[in-house]
Every structure is written in structure tokens, then in C-alpha cells.
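Everything below belongs to my_file10.cif, which stores mmCIF, C-alpha atoms and all ligand atoms.
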```
data_protein
#
loop_
_atom_site.group_PDB
_atom_site.id
_atom_site.type_symbol
_atom_site.label_atom_id
_atom_site.label_comp_id
_atom_site.auth_asym_id
_atom_site.auth_seq_id
_atom_site.Cartn_x
_atom_site.Cartn_y
_atom_site.Cartn_z
ATOM 1 C CA MET A 834 10.420 -45.798 -14.352
ATOM 2 C CA THR A 835 12.541 -43.308 -16.224
ATOM 3 C CA THR A 836 14.344 -44.428 -19.345
ATOM 4 C CA GLY A 837 17.120 -43.106 -21.498
ATOM 5 C CA CYS A 838 18.730 -40.614 -19.102
ATOM 6 C CA ALA A 839 21.620 -38.969 -20.922
ATOM 7 C CA ALA A 840 24.014 -39.732 -18.074
ATOM 8 C CA LEU A 841 23.515 -43.468 -18.268
ATOM 9 C CA PRO A 842 25.324 -45.473 -20.935
ATOM 10 C CA ARG A 843 23.395 -48.137 -22.798
ATOM 11 C CA THR A 844 24.737 -51.553 -23.734
ATOM 12 C CA GLY A 845 23.812 -53.735 -26.663
ATOM 13 C CA ILE A 846 24.647 -57.264 -27.739
ATOM 14 C CA GLY A 847 24.960 -58.898 -31.128
ATOM 15 C CA VAL A 848 25.681 -62.401 -32.406
ATOM 16 C CA ASP A 849 26.243 -63.588 -35.952
ATOM 17 C CA VAL A 850 27.049 -66.955 -37.538
ATOM 18 C CA HIS A 851 27.748 -67.930 -41.149
ATOM 19 C CA ALA A 852 28.715 -71.265 -42.700
ATOM 20 C CA PHE A 853 31.901 -71.711 -44.694
ATOM 21 C CA ALA A 854 31.427 -72.148 -48.421
ATOM 22 C CA PRO A 855 32.214 -75.717 -49.581
ATOM 23 C CA ALA A 856 35.868 -76.555 -50.123
ATOM 24 C CA GLY A 857 37.000 -75.878 -53.656
ATOM 25 C CA THR A 858 34.672 -72.920 -54.229
ATOM 26 C CA ASP A 859 36.075 -69.488 -54.876
ATOM 27 C CA ARG A 860 33.914 -67.585 -52.412
ATOM 28 C CA PRO A 861 36.219 -64.863 -51.027
ATOM 29 C CA MET A 862 36.671 -64.494 -47.283
ATOM 30 C CA ARG A 863 35.692 -61.171 -45.785
ATOM 31 C CA LEU A 864 36.159 -60.847 -42.062
ATOM 32 C CA ALA A 865 36.405 -57.833 -39.776
ATOM 33 C CA CYS A 866 36.289 -55.431 -42.737
ATOM 34 C CA LEU A 867 39.339 -57.067 -44.374
ATOM 35 C CA ASP A 868 39.928 -59.380 -47.330
ATOM 36 C CA TRP A 869 41.621 -62.685 -46.482
ATOM 37 C CA PRO A 870 43.268 -63.943 -49.688
ATOM 38 C CA GLY A 871 43.625 -67.705 -49.931
ATOM 39 C CA GLN A 872 40.864 -68.401 -47.394
ATOM 40 C CA ILE A 873 37.529 -69.987 -48.326
ATOM 41 C CA GLY A 874 34.829 -67.486 -47.488
ATOM 42 C CA LEU A 875 31.536 -67.597 -45.642
ATOM 43 C CA VAL A 876 28.130 -67.956 -47.268
ATOM 44 C CA GLY A 877 25.525 -65.252 -46.800
ATOM 45 C CA HIS A 878 23.157 -62.685 -48.263
ATOM 46 C CA SER A 879 25.967 -60.127 -48.185
ATOM 47 C CA ASP A 880 29.691 -60.695 -47.696
ATOM 48 C CA ALA A 881 28.928 -62.694 -44.514
ATOM 49 C CA ASP A 882 31.387 -60.692 -42.412
ATOM 50 C CA VAL A 883 30.387 -62.096 -39.022
ATOM 51 C CA ALA A 884 32.523 -59.616 -37.074
ATOM 52 C CA ALA A 885 31.025 -56.568 -38.780
ATOM 53 C CA HIS A 886 27.505 -57.985 -38.571
ATOM 54 C CA ALA A 887 27.785 -58.728 -34.842
ATOM 55 C CA ALA A 888 29.080 -55.198 -34.260
ATOM 56 C CA CYS A 889 26.105 -53.779 -36.220
ATOM 57 C CA ASP A 890 23.647 -55.835 -34.195
ATOM 58 C CA ALA A 891 25.205 -54.694 -30.916
ATOM 59 C CA LEU A 892 24.925 -51.041 -31.980
ATOM 60 C CA LEU A 893 21.327 -51.463 -33.160
ATOM 61 C CA SER A 894 20.471 -53.303 -29.962
ATOM 62 C CA ALA A 895 21.960 -50.593 -27.748
ATOM 63 C CA SER A 896 20.116 -47.823 -29.553
ATOM 64 C CA GLY A 897 16.789 -49.627 -29.724
ATOM 65 C CA LEU A 898 16.843 -49.603 -33.533
ATOM 66 C CA GLY A 899 16.125 -53.316 -33.809
ATOM 67 C CA ASP A 900 18.486 -55.750 -35.454
ATOM 68 C CA LEU A 901 20.413 -56.240 -38.668
ATOM 69 C CA GLY A 902 17.671 -58.197 -40.405
ATOM 70 C CA ALA A 903 15.073 -55.523 -39.679
ATOM 71 C CA ALA A 904 17.356 -52.580 -40.417
ATOM 72 C CA PHE A 905 18.763 -53.966 -43.675
ATOM 73 C CA GLY A 906 16.066 -56.427 -44.739
ATOM 74 C CA THR A 907 17.252 -59.332 -46.820
ATOM 75 C CA ASN A 908 14.486 -58.459 -49.298
ATOM 76 C CA ASP A 909 15.759 -54.904 -49.699
ATOM 77 C CA PRO A 910 17.745 -54.724 -52.960
ATOM 78 C CA ARG A 911 19.609 -51.630 -51.724
ATOM 79 C CA TRP A 912 21.580 -53.797 -49.298
ATOM 80 C CA ALA A 913 21.970 -56.957 -51.381
ATOM 81 C CA GLY A 914 25.674 -57.655 -51.558
ATOM 82 C CA ALA A 915 26.551 -54.821 -49.176
ATOM 83 C CA SER A 916 29.893 -55.293 -47.492
ATOM 84 C CA GLY A 917 30.277 -55.522 -43.738
ATOM 85 C CA THR A 918 32.172 -52.264 -43.920
ATOM 86 C CA GLU A 919 29.235 -50.528 -45.631
ATOM 87 C CA LEU A 920 26.721 -51.965 -43.176
ATOM 88 C CA LEU A 921 28.847 -50.960 -40.191
ATOM 89 C CA SER A 922 29.272 -47.401 -41.488
ATOM 90 C CA GLU A 923 25.565 -47.061 -42.186
ATOM 91 C CA THR A 924 24.609 -48.562 -38.834
ATOM 92 C CA ALA A 925 26.893 -46.145 -36.986
ATOM 93 C CA ARG A 926 25.420 -43.254 -38.977
ATOM 94 C CA ARG A 927 21.880 -44.291 -38.042
ATOM 95 C CA VAL A 928 22.785 -44.678 -34.367
ATOM 96 C CA ARG A 929 24.266 -41.166 -34.346
ATOM 97 C CA GLU A 930 21.284 -39.823 -36.278
ATOM 98 C CA ALA A 931 19.046 -41.286 -33.565
ATOM 99 C CA GLY A 932 20.840 -39.086 -31.044
ATOM 100 C CA PHE A 933 23.572 -41.251 -29.596
ATOM 101 C CA THR A 934 27.334 -41.046 -29.209
ATOM 102 C CA ILE A 935 29.096 -44.353 -29.727
ATOM 103 C CA GLY A 936 31.494 -45.136 -26.896
ATOM 104 C CA ASN A 937 33.112 -48.399 -27.910
ATOM 105 C CA VAL A 938 32.354 -51.787 -29.396
ATOM 106 C CA VAL A 939 34.053 -55.086 -28.633
ATOM 107 C CA VAL A 940 33.881 -58.074 -30.948
ATOM 108 C CA GLN A 941 35.019 -61.635 -30.354
ATOM 109 C CA VAL A 942 35.329 -63.983 -33.321
ATOM 110 C CA ILE A 943 34.798 -67.672 -32.533
ATOM 111 C CA GLY A 944 36.245 -70.293 -34.867
ATOM 112 C CA ASN A 945 39.299 -72.073 -36.209
ATOM 113 C CA ARG A 946 40.145 -70.013 -39.292
ATOM 114 C CA PRO A 947 41.437 -67.676 -40.446
ATOM 115 C CA ARG A 948 44.000 -67.040 -37.720
ATOM 116 C CA LEU A 949 43.193 -63.551 -36.585
ATOM 117 C CA GLY A 950 46.290 -62.865 -34.490
ATOM 118 C CA PRO A 951 48.699 -61.673 -37.174
ATOM 119 C CA ARG A 952 46.130 -59.205 -38.575
ATOM 120 C CA ARG A 953 44.188 -58.357 -35.433
ATOM 121 C CA LEU A 954 45.404 -54.757 -35.180
ATOM 122 C CA GLU A 955 44.836 -54.148 -38.890
ATOM 123 C CA ALA A 956 41.304 -55.537 -38.586
ATOM 124 C CA GLN A 957 40.601 -53.469 -35.482
ATOM 125 C CA GLN A 958 41.651 -50.350 -37.330
ATOM 126 C CA ALA A 959 39.517 -51.147 -40.378
ATOM 127 C CA MET A 960 36.468 -51.813 -38.210
ATOM 128 C CA SER A 961 37.055 -48.709 -36.082
ATOM 129 C CA GLU A 962 37.313 -46.551 -39.196
ATOM 130 C CA ALA A 963 34.064 -47.960 -40.568
ATOM 131 C CA CYS A 964 32.302 -47.316 -37.269
ATOM 132 C CA GLY A 965 33.935 -43.998 -36.447
ATOM 133 C CA ALA A 966 34.501 -45.240 -32.905
ATOM 134 C CA GLU A 967 36.858 -47.601 -31.124
ATOM 135 C CA ILE A 968 36.327 -51.268 -31.873
ATOM 136 C CA ALA A 969 38.374 -53.912 -30.067
ATOM 137 C CA LEU A 970 38.685 -57.331 -31.674
ATOM 138 C CA SER A 971 39.643 -60.664 -30.155
ATOM 139 C CA ALA A 972 39.359 -64.309 -31.145
ATOM 140 C CA THR A 973 38.802 -67.654 -29.523
ATOM 141 C CA THR A 974 38.107 -71.285 -30.393
ATOM 142 C CA THR A 975 35.762 -73.861 -28.876
ATOM 143 C CA ASP A 976 38.157 -76.761 -28.356
ATOM 144 C CA GLY A 977 36.754 -78.677 -31.306
ATOM 145 C CA LEU A 978 33.161 -78.463 -30.093
ATOM 146 C CA GLY A 979 30.117 -77.161 -31.918
ATOM 147 C CA LEU A 980 29.781 -75.808 -35.448
ATOM 148 C CA THR A 981 32.803 -73.559 -35.115
ATOM 149 C CA GLY A 982 34.897 -76.313 -33.582
ATOM 150 C CA ARG A 983 33.976 -78.682 -36.427
ATOM 151 C CA ASP A 984 35.056 -75.984 -38.888
ATOM 152 C CA GLU A 985 31.570 -75.676 -40.348
ATOM 153 C CA GLY A 986 31.404 -71.947 -39.894
ATOM 154 C CA LEU A 987 32.424 -68.858 -38.025
ATOM 155 C CA ALA A 988 30.629 -66.994 -35.243
ATOM 156 C CA ALA A 989 31.070 -63.604 -33.635
ATOM 157 C CA ILE A 990 29.660 -61.950 -30.551
ATOM 158 C CA ALA A 991 29.778 -58.241 -29.833
ATOM 159 C CA THR A 992 28.790 -55.695 -27.259
ATOM 160 C CA ALA A 993 28.424 -51.960 -27.739
ATOM 161 C CA LEU A 994 28.316 -49.043 -25.343
ATOM 162 C CA ILE A 995 26.556 -45.858 -26.399
ATOM 163 C CA VAL A 996 25.317 -42.706 -24.664
ATOM 164 C CA ARG A 997 22.271 -40.629 -25.506
ATOM 165 C CA ASN A 998 23.260 -37.048 -26.363
ATOM 166 C CA THR A 999 20.288 -35.336 -24.760
ATOM 167 C CA CYS A 1000 17.481 -36.336 -22.475
ATOM 168 C CA PRO A 1001 14.467 -34.237 -23.528
ATOM 169 C CA GLU A 1002 11.906 -36.634 -22.120
ATOM 170 C CA VAL A 1003 13.092 -36.193 -18.547
ATOM 171 C CA VAL A 1004 11.114 -33.334 -16.967
ATOM 172 C CA HIS A 1005 11.437 -32.781 -13.236
ATOM 173 C CA SER A 1006 8.279 -31.827 -11.382
ATOM 174 C CA GLY A 1007 8.299 -28.114 -10.662
ATOM 175 C CA ASP A 1008 10.431 -27.406 -13.734
ATOM 176 C CA VAL A 1009 7.543 -27.390 -16.183
ATOM 177 C CA PRO A 1010 7.505 -23.952 -17.829
ATOM 178 C CA THR A 1011 4.129 -22.196 -17.860
ATOM 179 C CA GLY A 1012 2.835 -18.953 -19.350
ATOM 180 C CA ASP A 1013 5.396 -16.144 -19.493
ATOM 181 C CA ASP A 1014 7.988 -18.307 -17.801
ATOM 182 C CA ARG A 1015 8.372 -20.232 -21.021
ATOM 183 C CA PRO A 1016 11.874 -19.864 -22.425
ATOM 184 C CA ALA A 1017 12.207 -18.078 -25.747
ATOM 185 C CA PRO A 1018 12.366 -20.513 -28.651
ATOM 186 C CA VAL A 1019 15.833 -21.237 -29.894
ATOM 187 C CA ALA A 1020 16.351 -19.933 -33.410
HETATM 188 ZN ZN ZN D 1101 25.790 -62.007 -40.959
#
```
Spell out the structure here as C-alpha cells.
Ligand SMILES: [Zn+2]
Amino acid sequence: MTTGCAALPRTGIGVDVHAFAPAGTDRPMRLACLDWPGQIGLVGHSDADVAAHAACDALLSASGLGDLGAAFGTNDPRWAGASGTELLSETARRVREAGFTIGNVVVQVIGNRPRLGPRRLEAQQAMSEACGAEIALSATTTDGLGLTGRDEGLAAIATALIVRNTCPEVVHSGDVPTGDDRPAPVA
């Protein structure tokens, strides 16, 4: 089996869920790299931006770099309180550093609030800027079912498409350089 051919795109998937803070608390809502004034926020180690976190997980998954918890451990003080925007930027940087070009990411937010529609394009732009690649955002509800339908929290699911920049591990038989046939080293 050959793996990681440069010509073949790689997909990744990510899911994230956070509970809403109790009514009456002043936890701010951060979603899709935007502030949502007047909305009760989500509880989490960081800003609990489910859309950004799902996008990060999809990118890490596609590149084989693990997942959000492993990449930005909850015990690591460097990332305590990091915003979704910061995590998404850093994730994208690491994916590129690992030798990939990010094609696109799609994120679907699942829940009753906030209503994403009026700010969907603004959120898409904020997420795309953080990632440095196109992110498409959509939203749906679950017809009153499950934790998102009961308004207990918010979920997001994401997929990412990336392409490896080079494919050094693929060597065709007969192409192996030997002796004086070896190409001169690149300066
Ligand atoms: Zn999260």
C-alpha cells in the first residue's frame, strides 16, 4: 500500500460539543470566531467555540496530527483560555508546517441559538481569515431532539480537505539513484 501521494487529497473530520452556561451567568458567547453580545456563552476550557474547535479537529485529522486535545492539551498552560481564533490559526500553521496545503474546510453548527443566518457570511470570513483558507459555515437544528434540541448545548461538525505538498516517500522501482547517477545535492 502506498500512502500520502501528493496528487491525492486527504479528508479529515471533527466534532465538538459544549454545554451552555447556566441562565443568568455572564459567560460571553464566542462562536465561529465572533463575539455574540447578549447571548449566554458555552462552558469550556477555552472559549468553547465549537465551530472553530471542530474545524481544528478536522484539519488535525486530515493531516494525521492527532486531535485538539492532544495538540493543545488541557493541562498545557500555554493554551488555557486560548480563543477559537488563536487555536484555528495555530492549527493551520502546524498543518502547513507538516507539509500540507489546506484546500477548504466546511463546518456545520447544530443547535437552536444563536441564530447564525444573519451573521453567517461575517463568521465565514472571520474563520477563513484565521485559517488562511476557505471555510464554509452552515447551521441546522435537530427538531427539538437531543442535547442541542433541548437547548442544553451547541455542537459542530466539520470536514477538511488538504493536499500534501510533496511526496518524497514514493520511490518508483528503477528510479533509485546509485553511484555517480546520484543527483547533485540542492544547495
Ligand atoms: Zn471545544
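Applied to the file shown here, the PyMOL selection byres (((not hetatm)) within 10 of (chain D and resi 1101)) selects the residues Val848, Asp849, Val850, His851, Ala852, Leu875, Val876, Gly877, His878, Ser879, Asp880, Ala881, Asp882, Val883, Ala884, Ala885, His886, Ala887, Cys889, Asp890, Leu901, Gly902, Gly917, Leu987, Ala988 and Ala989 of chain A.
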Closest of A:Ala963, A:Thr907, A:Gln957, A:Phe853 to A:Arg983 - atom-to-atom distances counting all atoms listed in the file: A:Phe853
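Comparing A:Gly936, A:Val942, A:Arg953, A:Ala993 by their smallest distance to A:Thr973, the closest is A:Val942 (using all atoms listed in the file).
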Distance query A:Ala888 at most 7 Å, all atoms listed in the file, self and fewer than 3 positions along chain excluded, as an MDAnalysis selection string: chainID A and resid 847 884:885 891:892 938 940 991
Output of the above residues as a short mmCIF file (atom, residue, chain, number, x, y, z; two decimals), keeping the file's coordinate frame, restricted to C-alpha atoms:
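part16.cif, written as the output of this step:
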```
data_model
loop_
_atom_site.label_atom_id
_atom_site.label_comp_id
_atom_site.auth_asym_id
_atom_site.auth_seq_id
_atom_site.Cartn_x
_atom_site.Cartn_y
_atom_site.Cartn_z
CA GLY A 847 24.96 -58.90 -31.13
CA ALA A 884 32.52 -59.62 -37.07
CA ALA A 885 31.02 -56.57 -38.78
CA ALA A 891 25.20 -54.69 -30.92
CA LEU A 892 24.92 -51.04 -31.98
CA VAL A 938 32.35 -51.79 -29.40
CA VAL A 940 33.88 -58.07 -30.95
CA ALA A 991 29.78 -58.24 -29.83
#
```
d(atom CA of A:Gly944, atom CA of A:Ala854) in Å: 14.5 Å
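Matched in the shown structure by the PyMOL selection byres (((chain A and resi 865-871) around 6) and not hetatm): Met862, Arg863, Leu864, Gln872, Ala884, Ala885, Thr918, Ala956, Ala959 and Met960 of chain A.
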Between atom CA of A:Asn908 and atom CA of A:Ala931 - distance in Å to one decimal: 23.7 Å
Atom-to-atom span, atom CA of A:Leu921 and atom CA of A:Ala840, Å: 25.3 Å
Around stretch 897-912 of chain A, fit a box with edges along x, y and z, padding it by 4 Å on each side, then list its centre and edge lengths in Å to one decimal as lines of an AutoDock Vina configuration file.
```
center_x = 18.0
center_y = -54.5
center_z = -41.3
size_x = 15.1
size_y = 17.7
size_z = 31.2
```
Best match for closeness to A:Leu920 among A:Val939, A:Val996, A:Ala904, A:Leu978, counting all atoms listed in the file: A:Ala904
Long-range neighbours of A:Arg843 as a list in words, 9 Å cut-off, all atoms listed in the file, 6 positions minimum in chain: Gly837, Ala895, Ser896, Ala993, Leu994, Ile995, Val996 and Arg997 of chain A
Selection dump of the PyMOL selection byres (((chain A and resi 946) around 9) and not hetatm), as number ranges by chain: A: 872, 943-945, 947-949, 984, 986-987
